[in-house]
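Colleague: Before we start, here is the structure in question, set down as structure tokens.
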Amino acid sequence: MRALIPTTAALLLLAVAGSASAQTASDSALKSSILADYDARLAAVFDDFHRHPELSGLETRTSARMAELLTGLGYDVTTGVGGTGVVAVLRNGAGPTVLIRADMDGLPLQEASGLPNASTARQVDSDGTEKPVMHACGHDVHITALVGTARQMMDRKADWSGTLVLIVQPAEERIFGARTMINDGLYTRFPKPDYALAFHVAAQLEEGKVSVPLGIHSSSSDGVEIEVHGVGTHGAYPHLGVDPIVVASSIVMNLQTLRSRTVNPLEGAVVTVGSIHGGIKNNIISDRVDMQLTVRADSPEVRTLLLDGIDRVARGSAIALGVPENLMPTVTRSTRETTPATINDGPTAQRVRDAITAAMGPDVLSDEPRGGMGAEDFSYFVTPESGVKGVYFDVGGTPAADLDTAPGHHSPLFKIDAKPSVTTGVEAMTVAALALLAKS
């Protein structure tokens, strides 16, 4: 019988088939390794962090524990960056630099999730008040997954080339932690990244799913305070004073016209008055009301329009109700709790999507529309001026059967399914980092 000589096309098909087979085996090995690591170590790490949350800027225990874990994995670790921030560096030859960020702060809430490891922690906040603390936004998932990702990337050094920078960021909940790290030399004292990655666990997304937007991920956020002034008098003689409660009420209602009558209906915009305090007794017209607002937008133009509009509405409402010129409302924009929108770099986000799909299967991706206008200070790591290309994605945290009743983030009832949240986060982040650091 004549021997068959493979054609070039046949050899190519064999090579592709072999490559696909190797890729499948590699992906399977990654998943198995992550699951084993969760059972052996990460479950206990998550439980510890969930039981011991800390408030924004005060994450001393969490920071020390993360530094210990990352040092134990062989990373070059620096603490105290931007306050309690941690930076871990792994240099692995020539190539790009990829930054992976995880935030670590909790919220001043008393946990009512009913979980066996529910937090009972209390902490004195920066305002001097003792408060309950819980992880009501999943940051315990983020830092646990960062430890898992650090292990996988260390174990797979032969598969990539470049520099990996892991950061444990404080104070995301009050959106100033990213800036404090940047201002403390994150991009000058440590390797400046070409790419930056982060993820957020999402209670309203099915566990095992990953969402990677090609554009905007999170809205801008600005804190605004308004002092409404009036002329105090007896509640039975309102004509002798100027009632700041009435003025404040008018401002609240008129602010909503910014959204409904000055912003394109197809643009994202929110103005919420989250706090209003005034008066001391039912028969006294006070001379002051204090208001606190959060302002959200999806573009710089709308952000400016809303912020400028608040000044105009506050003054106009006061004038309409007869407030003297010397008692016009005082509007103050926060210089601390402020962040621009987080917008993914499109081509890089597509690379990450493609890598996750190839490694984890096409069914893992979710393209559910955004469910609100949450904000993220990750945007400070990927400003246009920095030149860093950023990708921020979401990882599902709730079983499909429980999605309709899942409590939202920042709720005392908040809870996620820890194991699939952490392991999916580790797998997706490891796959994304390997894709961006792949050897040429």
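By order in the structure tokens, chains are A, B, ...; within a chain, residues start at 1; ligands start at 1, following the order shown.
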Name all residues at most 8 Å from Glu111 in chain A (count only C-alpha atoms; drop same-chain ones fewer than 4 positions away) and give them as a list in words.

Modeller: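 That gives Ala118, Ser119, Thr120, Val133, Met134, Ala136, Pro412, Leu413 and Phe414 of chain A.
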
Colleague: Would you list the contacts of range 294-304 of chain A as a ChimeraX atom specification, taking every protein, DNA or RNA residue within 10 Å and counting only C-alpha atoms, but skipping same-chain residues closer than 5 positions in sequence?

Modeller: /A:216-225,259,262-264,267-275,309-310,337-343,373-375

Colleague: Could you pull the residues within 10 Å of range 125-128 of chain A, counting only C-alpha atoms, minus those fewer than 6 positions along the same chain, as a list of chain:residue names?

Modeller: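 Surrounding residues, per the criterion: A:Glu54, A:Leu55, A:Ser56, A:Gly57, A:Leu58, A:Pro108.
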
Colleague: Keeping only all heavy atoms, take the residues you just selected and write them out as an mmCIF file, in the first residue's frame.

Modeller:
data_model
loop_
_atom_site.group_PDB
_atom_site.id
_atom_site.type_symbol
_atom_site.label_atom_id
_atom_site.label_comp_id
_atom_site.auth_asym_id
_atom_site.auth_seq_id
_atom_site.Cartn_x
_atom_site.Cartn_y
_atom_site.Cartn_z
ATOM 1 N N GLU A 54 -13.770 47.059 57.367
ATOM 2 C CA GLU A 54 -13.287 48.317 57.927
ATOM 3 C C GLU A 54 -13.749 49.478 57.062
ATOM 4 O O GLU A 54 -13.953 49.350 55.854
ATOM 5 C CB GLU A 54 -11.766 48.298 58.017
ATOM 6 C CG GLU A 54 -11.238 47.257 59.010
ATOM 7 C CD GLU A 54 -9.727 47.198 59.036
ATOM 8 O OE1 GLU A 54 -9.131 46.776 58.017
ATOM 9 O OE2 GLU A 54 -9.139 47.561 60.062
ATOM 10 N N LEU A 55 -13.910 50.633 57.695
ATOM 11 C CA LEU A 55 -14.439 51.812 57.019
ATOM 12 C C LEU A 55 -13.386 52.472 56.123
ATOM 13 O O LEU A 55 -12.183 52.238 56.246
ATOM 14 C CB LEU A 55 -14.941 52.819 58.053
ATOM 15 C CG LEU A 55 -16.163 52.362 58.865
ATOM 16 C CD1 LEU A 55 -16.428 53.317 60.026
ATOM 17 C CD2 LEU A 55 -17.403 52.242 57.978
ATOM 18 N N SER A 56 -13.861 53.324 55.237
ATOM 19 C CA SER A 56 -13.021 53.964 54.219
ATOM 20 C C SER A 56 -11.862 54.749 54.829
ATOM 21 O O SER A 56 -12.058 55.598 55.705
ATOM 22 C CB SER A 56 -13.873 54.910 53.369
ATOM 23 O OG SER A 56 -14.923 54.218 52.747
ATOM 24 N N GLY A 57 -10.654 54.440 54.363
ATOM 25 C CA GLY A 57 -9.462 55.120 54.831
ATOM 26 C C GLY A 57 -8.929 54.601 56.147
ATOM 27 O O GLY A 57 -7.877 55.057 56.610
ATOM 28 N N LEU A 58 -9.634 53.639 56.746
ATOM 29 C CA LEU A 58 -9.251 53.104 58.055
ATOM 30 C C LEU A 58 -9.008 51.601 57.981
ATOM 31 O O LEU A 58 -9.117 50.891 58.981
ATOM 32 C CB LEU A 58 -10.341 53.404 59.086
ATOM 33 C CG LEU A 58 -10.703 54.880 59.260
ATOM 34 C CD1 LEU A 58 -11.922 55.027 60.155
ATOM 35 C CD2 LEU A 58 -9.526 55.658 59.850
ATOM 36 N N PRO A 108 -20.734 51.791 56.546
ATOM 37 C CA PRO A 108 -21.258 51.963 57.908
ATOM 38 C C PRO A 108 -22.705 51.469 58.035
ATOM 39 O O PRO A 108 -23.644 52.255 58.179
ATOM 40 C CB PRO A 108 -21.153 53.474 58.132
ATOM 41 C CG PRO A 108 -21.294 54.065 56.772
ATOM 42 C CD PRO A 108 -20.626 53.079 55.831
#

Colleague: Do a neighbour search on Ala88 in chain A at 8 Å with only C-alpha atoms, toss out local chain neighbours closer than 4 positions, and write the hits as a list of chain:residue names.

Modeller: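 Answer for this query is A:Ala67, A:Leu70, A:Thr71, A:Tyr75, A:Asp76, A:Val77, A:Thr78, A:Val165, A:Leu166, A:Ile167.
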
Colleague: List the neighbours of Val289 in chain A out to 6 Å using only C-alpha atoms; skip same-chain residues closer than 4 positions along the sequence, and give me the result as a list in words.

Modeller: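 Counting only C-alpha atoms, the residues come to Val228, His277 and Gly278 of chain A.
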
Colleague: Considering only C-alpha atoms, can you say which of A:Asp27, A:Thr332, A:Ala150, A:Leu109 comes closest to Leu69 in chain A?

Modeller: A:Ala150

Colleague: Give me, as JSON lines, the closest atom pair and its distance (Å, one decimal) for every residue of range 73-155 of chain A within a cut-off of 9 Å of range 415-422 of chain A, counting only C-alpha atoms, rows sorted by chain and rising number.

Modeller:
{"residue": "A:Ser113", "atom": "CA", "partner": "A:Lys415", "partner_atom": "CA", "distance": 6.3}
{"residue": "A:Leu115", "atom": "CA", "partner": "A:Lys415", "partner_atom": "CA", "distance": 8.0}
{"residue": "A:His135", "atom": "CA", "partner": "A:Lys415", "partner_atom": "CA", "distance": 8.8}
{"residue": "A:Ala136", "atom": "CA", "partner": "A:Lys415", "partner_atom": "CA", "distance": 7.3}
{"residue": "A:Cys137", "atom": "CA", "partner": "A:Lys415", "partner_atom": "CA", "distance": 8.5}
{"residue": "A:Gly138", "atom": "CA", "partner": "A:Ile416", "partner_atom": "CA", "distance": 7.6}
{"residue": "A:Val141", "atom": "CA", "partner": "A:Val422", "partner_atom": "CA", "distance": 5.7}
{"residue": "A:His142", "atom": "CA", "partner": "A:Val422", "partner_atom": "CA", "distance": 7.5}
{"residue": "A:Thr144", "atom": "CA", "partner": "A:Val422", "partner_atom": "CA", "distance": 6.9}
{"residue": "A:Ala145", "atom": "CA", "partner": "A:Val422", "partner_atom": "CA", "distance": 5.3}
{"residue": "A:Gly148", "atom": "CA", "partner": "A:Val422", "partner_atom": "CA", "distance": 8.3}

Colleague: Could you give me, as a PyMOL selection string, each residue of range 134-341 of chain A that DSSP assigns to strand (DSSP E) when run on this structure's backbone?

Modeller: chain A and resi 162-169+195-206+210-211+216-218+220-229+233-234+269-278+284-285+288-297+330-339

Colleague: Extract, using only C-alpha atoms, all DNA, RNA and protein residues at most 6 Å from range 427-434 of chain A, discarding same-chain residues fewer than 4 positions from it, and format them as number ranges by chain.

Modeller: A: 149, 352, 438
